[in-house]
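Peer 1: Contents of input-v6.txt (compact mmCIF, C-alpha atoms):
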# COMPACT_ATOMS: atom_id res chain seq x y z
CA MET A 106 -0.07 92.01 -27.57
CA ALA A 107 -2.76 94.70 -27.55
CA SER A 108 -3.08 97.78 -25.37
CA GLY A 109 -4.66 101.22 -25.48
CA PHE A 110 -6.88 103.78 -23.86
CA ILE A 111 -10.63 103.13 -23.63
CA GLU A 112 -12.76 106.16 -22.86
CA SER A 113 -15.93 104.24 -21.96
CA GLY A 114 -17.35 100.76 -22.05
CA ALA A 115 -20.39 101.98 -23.96
CA GLY A 116 -18.28 103.57 -26.71
CA TYR A 117 -15.75 100.78 -27.13
CA ARG A 118 -16.25 98.68 -30.28
CA GLY A 119 -13.79 95.85 -29.78
CA HIS A 120 -10.78 96.85 -31.89
CA LEU A 121 -8.28 95.50 -29.32
CA GLY A 122 -9.72 91.99 -29.66
CA LEU A 123 -9.43 91.20 -25.95
CA GLY A 124 -13.11 90.71 -25.20
CA PRO A 125 -15.58 93.09 -23.54
CA VAL A 126 -14.70 95.89 -21.16
CA THR A 127 -15.18 94.52 -17.67
CA ALA A 128 -14.04 97.17 -15.18
CA GLY A 129 -12.32 100.48 -14.61
CA CYS A 130 -8.55 100.46 -14.36
CA THR A 131 -6.57 101.44 -11.29
CA ASP A 132 -2.84 101.71 -10.78
CA ARG A 133 -2.83 98.39 -8.92
CA ASP A 134 -5.38 96.45 -10.96
CA TYR A 135 -3.65 94.50 -13.72
CA THR A 136 -5.77 91.36 -13.48
CA ARG A 137 -8.58 92.43 -15.78
CA LYS A 138 -8.34 91.62 -19.47
CA LEU A 139 -9.70 94.98 -20.52
CA CYS A 140 -10.62 98.11 -18.56
CA VAL A 141 -11.90 101.62 -18.99
CA GLY A 142 -8.90 103.94 -19.02
CA ASN A 143 -5.33 102.96 -19.80
CA ASN A 144 -4.68 99.27 -20.42
CA VAL A 145 -1.44 97.40 -19.95
CA PRO A 146 -0.47 95.14 -22.91
CA GLY A 147 -2.59 92.00 -23.09
CA THR A 148 -1.82 88.90 -25.11
CA ILE A 149 -4.26 87.79 -27.83
CA GLU A 150 -4.79 84.29 -26.46
CA GLU A 151 -8.08 83.37 -28.12
CA VAL A 152 -9.67 83.87 -31.54
CA VAL A 153 -12.86 82.69 -33.26
CA ASP A 154 -12.25 80.35 -36.18
CA ALA A 155 -14.19 80.07 -39.45
CA SER A 156 -16.71 77.68 -37.87
CA GLY A 157 -17.52 80.15 -35.10
CA LYS A 158 -15.62 78.23 -32.43
CA ALA A 159 -13.33 79.91 -29.89
CA VAL A 160 -9.82 78.45 -30.25
CA ALA A 161 -6.29 79.23 -29.14
CA ALA A 162 -4.75 82.07 -31.12
CA PRO A 163 -2.22 81.06 -33.78
CA PRO A 164 1.19 82.72 -34.18
CA PHE A 165 0.81 86.03 -36.00
CA LYS A 166 3.19 87.79 -38.39
CA HIS A 167 1.44 91.10 -39.19
CA ALA A 168 -0.85 93.51 -37.33
CA TYR A 169 -2.74 96.50 -38.73
CA ALA A 170 -4.56 99.04 -36.54
CA GLY A 171 -7.59 101.22 -37.23
CA VAL A 172 -7.23 104.85 -38.23
CA GLY A 173 -8.96 108.20 -38.10
CA VAL A 174 -11.39 107.79 -35.22
CA ALA A 175 -11.82 109.16 -31.72
CA SER A 176 -10.67 107.44 -28.54
CA ASP A 177 -14.11 105.89 -28.04
CA SER A 178 -13.19 103.76 -31.07
CA GLY A 179 -16.07 104.68 -33.43
CA ALA A 180 -15.45 102.85 -36.71
CA MET A 181 -12.07 101.54 -35.60
CA HIS A 182 -11.13 97.94 -36.35
CA SER A 183 -7.94 95.88 -36.44
CA LEU A 184 -6.50 93.10 -38.59
CA LEU A 185 -4.07 90.30 -37.75
CA ILE A 186 -2.47 87.93 -40.27
CA SER A 187 -1.29 84.56 -39.00
CA GLN A 188 1.86 82.76 -40.06
CA ASP A 189 -0.24 80.24 -41.98
CA GLY A 190 -1.89 82.98 -44.07
CA LYS A 191 -5.25 83.45 -42.39
CA ALA A 192 -6.76 86.86 -41.63
CA TYR A 193 -8.39 87.67 -38.28
CA ILE A 194 -10.33 90.85 -37.65
CA SER A 195 -11.96 92.60 -34.69
CA GLY A 196 -13.76 95.86 -33.97
CA SER A 197 -16.53 97.88 -35.57
CA ASN A 198 -18.52 96.38 -38.42
CA SER A 199 -20.59 99.50 -39.09
CA LYS A 200 -20.09 99.25 -42.86
CA GLY A 201 -19.10 95.61 -43.25
CA GLN A 202 -15.38 96.22 -42.74
CA LEU A 203 -14.95 92.99 -40.78
CA CYS A 204 -15.62 90.86 -43.89
CA LEU A 205 -18.09 88.74 -41.89
CA GLY A 206 -20.68 88.64 -44.66
CA GLU A 207 -23.33 90.51 -42.69
CA LEU A 208 -24.20 93.96 -41.42
CA ASP A 209 -26.42 92.76 -38.55
CA THR A 210 -23.31 92.27 -36.41
CA THR A 211 -22.38 95.83 -35.44
CA TYR A 212 -19.06 94.84 -33.87
CA VAL A 213 -17.08 91.95 -32.38
CA ASP A 214 -14.59 92.15 -29.52
CA TYR A 215 -12.57 89.01 -30.32
CA PHE A 216 -10.61 88.41 -33.49
CA HIS A 217 -12.69 86.44 -36.01
CA GLU A 218 -11.24 84.48 -38.90
CA VAL A 219 -12.16 85.86 -42.33
CA LYS A 220 -13.80 83.14 -44.42
CA GLY A 221 -13.02 82.51 -48.06
CA VAL A 222 -9.56 84.06 -48.33
CA ASP A 223 -6.45 81.93 -47.82
CA ASN A 224 -2.71 82.52 -48.14
CA VAL A 225 -2.96 86.14 -47.04
CA VAL A 226 0.45 87.83 -46.95
CA LYS A 227 -0.34 91.53 -46.41
CA GLY A 228 -3.29 93.71 -45.51
CA ALA A 229 -4.43 97.22 -44.63
CA VAL A 230 -7.32 98.90 -42.82
CA GLY A 231 -8.86 102.23 -43.71
CA GLU A 232 -11.41 104.17 -41.72
CA ASP A 233 -14.16 101.61 -42.36
CA PHE A 234 -12.81 99.22 -45.00
CA THR A 235 -10.30 96.38 -45.19
CA LEU A 236 -7.96 95.09 -47.90
CA LEU A 237 -6.21 91.69 -48.03
CA VAL A 238 -3.38 90.69 -50.38
CA THR A 239 -2.85 87.00 -51.15
CA GLU A 240 0.30 85.13 -52.05
CA SER A 241 -0.87 84.93 -55.66
CA GLY A 242 -1.11 88.72 -55.92
CA ASP A 243 -4.89 89.06 -55.69
CA VAL A 244 -6.48 91.78 -53.56
CA TYR A 245 -9.75 91.33 -51.65
CA GLY A 246 -11.74 94.12 -50.03
CA CYS A 247 -14.75 94.63 -47.80
CA GLY A 248 -16.51 97.51 -46.09
CA SER A 249 -17.26 101.05 -47.17
CA ASN A 250 -16.74 101.75 -50.85
CA GLU A 251 -18.52 105.10 -51.12
CA VAL A 252 -15.66 106.76 -53.00
CA GLY A 253 -14.23 103.61 -54.55
CA GLN A 254 -11.68 102.89 -51.82
CA ILE A 255 -12.15 99.14 -52.34
CA GLY A 256 -11.71 99.58 -56.08
CA GLU A 257 -14.91 97.84 -57.17
CA GLY A 258 -17.26 100.65 -58.13
CA THR A 259 -19.15 102.18 -55.21
CA ASP A 260 -21.10 99.25 -53.73
CA VAL A 261 -20.69 98.19 -50.10
CA PHE A 262 -19.26 94.68 -49.64
CA GLU A 263 -19.86 92.79 -46.40
CA SER A 264 -17.89 89.74 -47.59
CA PRO A 265 -14.34 89.78 -48.97
CA THR A 266 -14.61 90.59 -52.68
CA ILE A 267 -11.79 90.24 -55.16
CA ILE A 268 -10.81 93.48 -56.88
CA LYS A 269 -10.88 92.82 -60.59
CA GLY A 270 -9.98 95.90 -62.60
CA ALA A 271 -6.44 95.58 -63.95
CA LEU A 272 -4.76 94.58 -60.71
CA ASN A 273 -2.46 91.57 -60.74
CA GLY A 274 0.75 90.57 -59.05
CA ILE A 275 0.15 92.92 -56.13
CA THR A 276 2.65 92.44 -53.32
CA ASP A 277 1.68 95.20 -50.89
CA VAL A 278 -1.10 97.65 -50.15
CA ALA A 279 -1.52 100.77 -48.01
CA THR A 280 -4.60 102.79 -47.09
CA GLY A 281 -5.59 106.24 -45.93
CA LEU A 282 -8.98 107.25 -44.56
CA GLY A 283 -10.77 106.78 -47.88
CA PHE A 284 -8.23 105.63 -50.44
CA ALA A 285 -5.86 102.78 -51.22
CA VAL A 286 -2.53 102.37 -53.02
CA TYR A 287 -1.41 99.02 -54.46
CA LEU A 288 2.15 97.97 -55.35
CA ASN A 289 3.31 95.40 -57.88
CA GLY A 290 6.73 94.63 -56.42
CA GLU A 291 8.00 92.98 -59.59
CA THR A 292 7.17 95.74 -62.07
CA GLY A 293 7.22 98.67 -59.64
CA GLU A 294 3.80 99.78 -60.85
CA THR A 295 1.67 101.66 -58.33
CA TRP A 296 -2.10 101.77 -58.59
CA GLY A 297 -4.68 103.72 -56.62
CA SER A 298 -8.39 103.88 -55.89
CA GLY A 299 -10.71 105.95 -53.74
CA SER A 300 -10.75 109.59 -52.73
CA ASN A 301 -8.39 111.92 -54.58
CA ILE A 302 -9.62 115.24 -53.29
CA TYR A 303 -6.10 116.21 -52.20
CA GLY A 304 -4.25 114.44 -55.01
CA GLN A 305 -3.29 111.60 -52.66
CA LEU A 306 -3.42 109.05 -55.48
CA CYS A 307 -0.48 110.74 -57.19
CA GLY A 308 -2.50 111.28 -60.34
CA PHE A 309 -4.40 114.36 -61.49
CA THR A 310 -8.17 113.80 -61.58
CA GLU A 311 -9.25 117.26 -60.37
CA GLY A 312 -10.36 115.67 -57.11
CA THR A 313 -12.68 113.10 -58.68
CA PRO A 314 -12.71 109.74 -56.85
CA VAL A 315 -11.16 106.76 -58.64
CA VAL A 316 -13.62 103.88 -58.29
CA ILE A 317 -11.79 101.27 -60.38
CA PRO A 318 -7.97 101.05 -60.11
CA GLU A 319 -7.34 100.92 -63.84
CA VAL A 320 -5.07 103.96 -64.08
CA ARG A 321 -1.37 103.56 -63.46
CA TYR A 322 0.12 106.18 -61.19
CA PRO A 323 3.81 107.07 -60.87
CA ALA A 324 5.35 106.02 -57.60
CA CYS A 325 5.38 108.80 -54.99
Rewrite the structure of this file - the entire thing - as structure tokens.
Peer 2:
Amino acid sequence: MASGFIESGAGYRGHLGLGPVTAGCTDRDYTRKLCVGNNVPGTIEEVVDASGKAVAAPPFKHAYAGVGVASDSGAMHSLLISQDGKAYISGSNSKGQLCLGELDTTYVDYFHEVKGVDNVVKGAVGEDFTLLVTESGDVYGCGSNEVGQIGEGTDVFESPTIIKGALNGITDVATGLGFAVYLNGETGETWGSGSNIYGQLCGFTEGTPVVIPEVRYPAC
């Protein structure tokens, strides 16, 4: 289910994954899929598969919402992970955060399957980047990487790119606006990448961004 407030049709960038905004909401109008104003919960009934075809939505096990943007959605995007380990993403693609392999698509308003990454078990979304954790412990990222939040230098990646560095056996990941923290559930090791201006990576770098997660940080 997805619901939320939409300030305007022109400013909405599709993070609810329920299609385009079609009308204004009223207290008695619950028939529209998506409206300007407050929206009642709507079921994600349709997604776009890897071939570009609209299909019935699969059962999902995890949902991750966008962060750090105004009500008109801005860079906001959302991620769903299905029970069979596929990732679906919707919303703004301003910096390639939808992992679609292109920047020409500025946003999508239905959930699209991410190509090239299978057996996804966990994920996270930052302000304009996305991270996916696979069953084998690999981490893939796409989107803004200006301060190393994807952990692969500072290049922008429009397609899901595996984070090399020293990461392995990762079981979970969490993100802030411009940083990420990775957990190896077996060893308890915690790694970080991205902005560290406030010491949010739990390691002292005098505010310098960490662009490759090669430094082990103590758990916070």
Peer 1: Go through A:Asn224, A:Ser300, A:Thr259, A:Thr235 and flag the residue nearest A:Asp189, using only C-alpha atoms for the distances.
Peer 2: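 That would be A:Asn224, the residue with the smallest distance to A:Asp189.
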Peer 1: Can you measure atom CA of A:Lys138 to atom CA of A:Leu123 for me? One decimal in Å is fine.
Peer 2: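 About the pair atom CA of A:Lys138 and atom CA of A:Leu123: they are 6.6 Å apart.
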Peer 1: Would you please work out which residue, of A:Tyr287, A:Phe234, A:Trp296, A:Tyr193, is nearest to A:Glu263 when using all atoms listed in the file?
Peer 2: A:Phe234
Peer 1: Just how far from atom CA of A:Val286 is atom CA of A:Leu306, in Å to one decimal?
Peer 2: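 It comes out at 7.2 Å.
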Peer 1: Can you tell me which residues surround stretch 311-313 of chain A at a distance of at most 8 Å, considering only C-alpha atoms, apart from same-chain residues fewer than 2 positions away, and format the answer as a ChimeraX atom specification?
Peer 2: /A:300-304,309,315
Peer 1: May I ask for the distance between atom CA of A:Gly114 and atom CA of A:Ala155, given in Å to one decimal place?
Peer 2: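 Atom-to-atom, atom CA of A:Gly114 to atom CA of A:Ala155, that is 27.2 Å.
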Peer 1: My list of candidates is A:Asp277, A:Val252, A:Ser195, A:Gly206. Which is closest to A:Leu236 when distances are computed with all atoms listed in the file?
Peer 2: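 Of all the options, A:Asp277 lies closest to A:Leu236.
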Peer 1: Show which residues sit within 6 Å of A:Ser249, as a PDB file with C-alpha atoms, in the frame of the given file. Count only C-alpha atoms, and ignore same-chain residues fewer than 3 positions away.
Peer 2:
ATOM      1  CA  LYS A 200     -20.090  99.250 -42.860  1.00  0.00           C
ATOM      2  CA  ASP A 233     -14.160 101.610 -42.360  1.00  0.00           C
ATOM      3  CA  PHE A 234     -12.810  99.220 -45.000  1.00  0.00           C
ATOM      4  CA  VAL A 261     -20.690  98.190 -50.100  1.00  0.00           C
TER       5      VAL A 261
END
Peer 1: Would you kindly return, as JSON, numbers by chain, each protein, DNA or RNA residue with an atom no farther than 7 Å from any atom of A:Ser264, considering only C-alpha atoms and excluding same-chain residues fewer than 5 positions away?
Peer 2: {"A": [204, 205, 206, 247]}
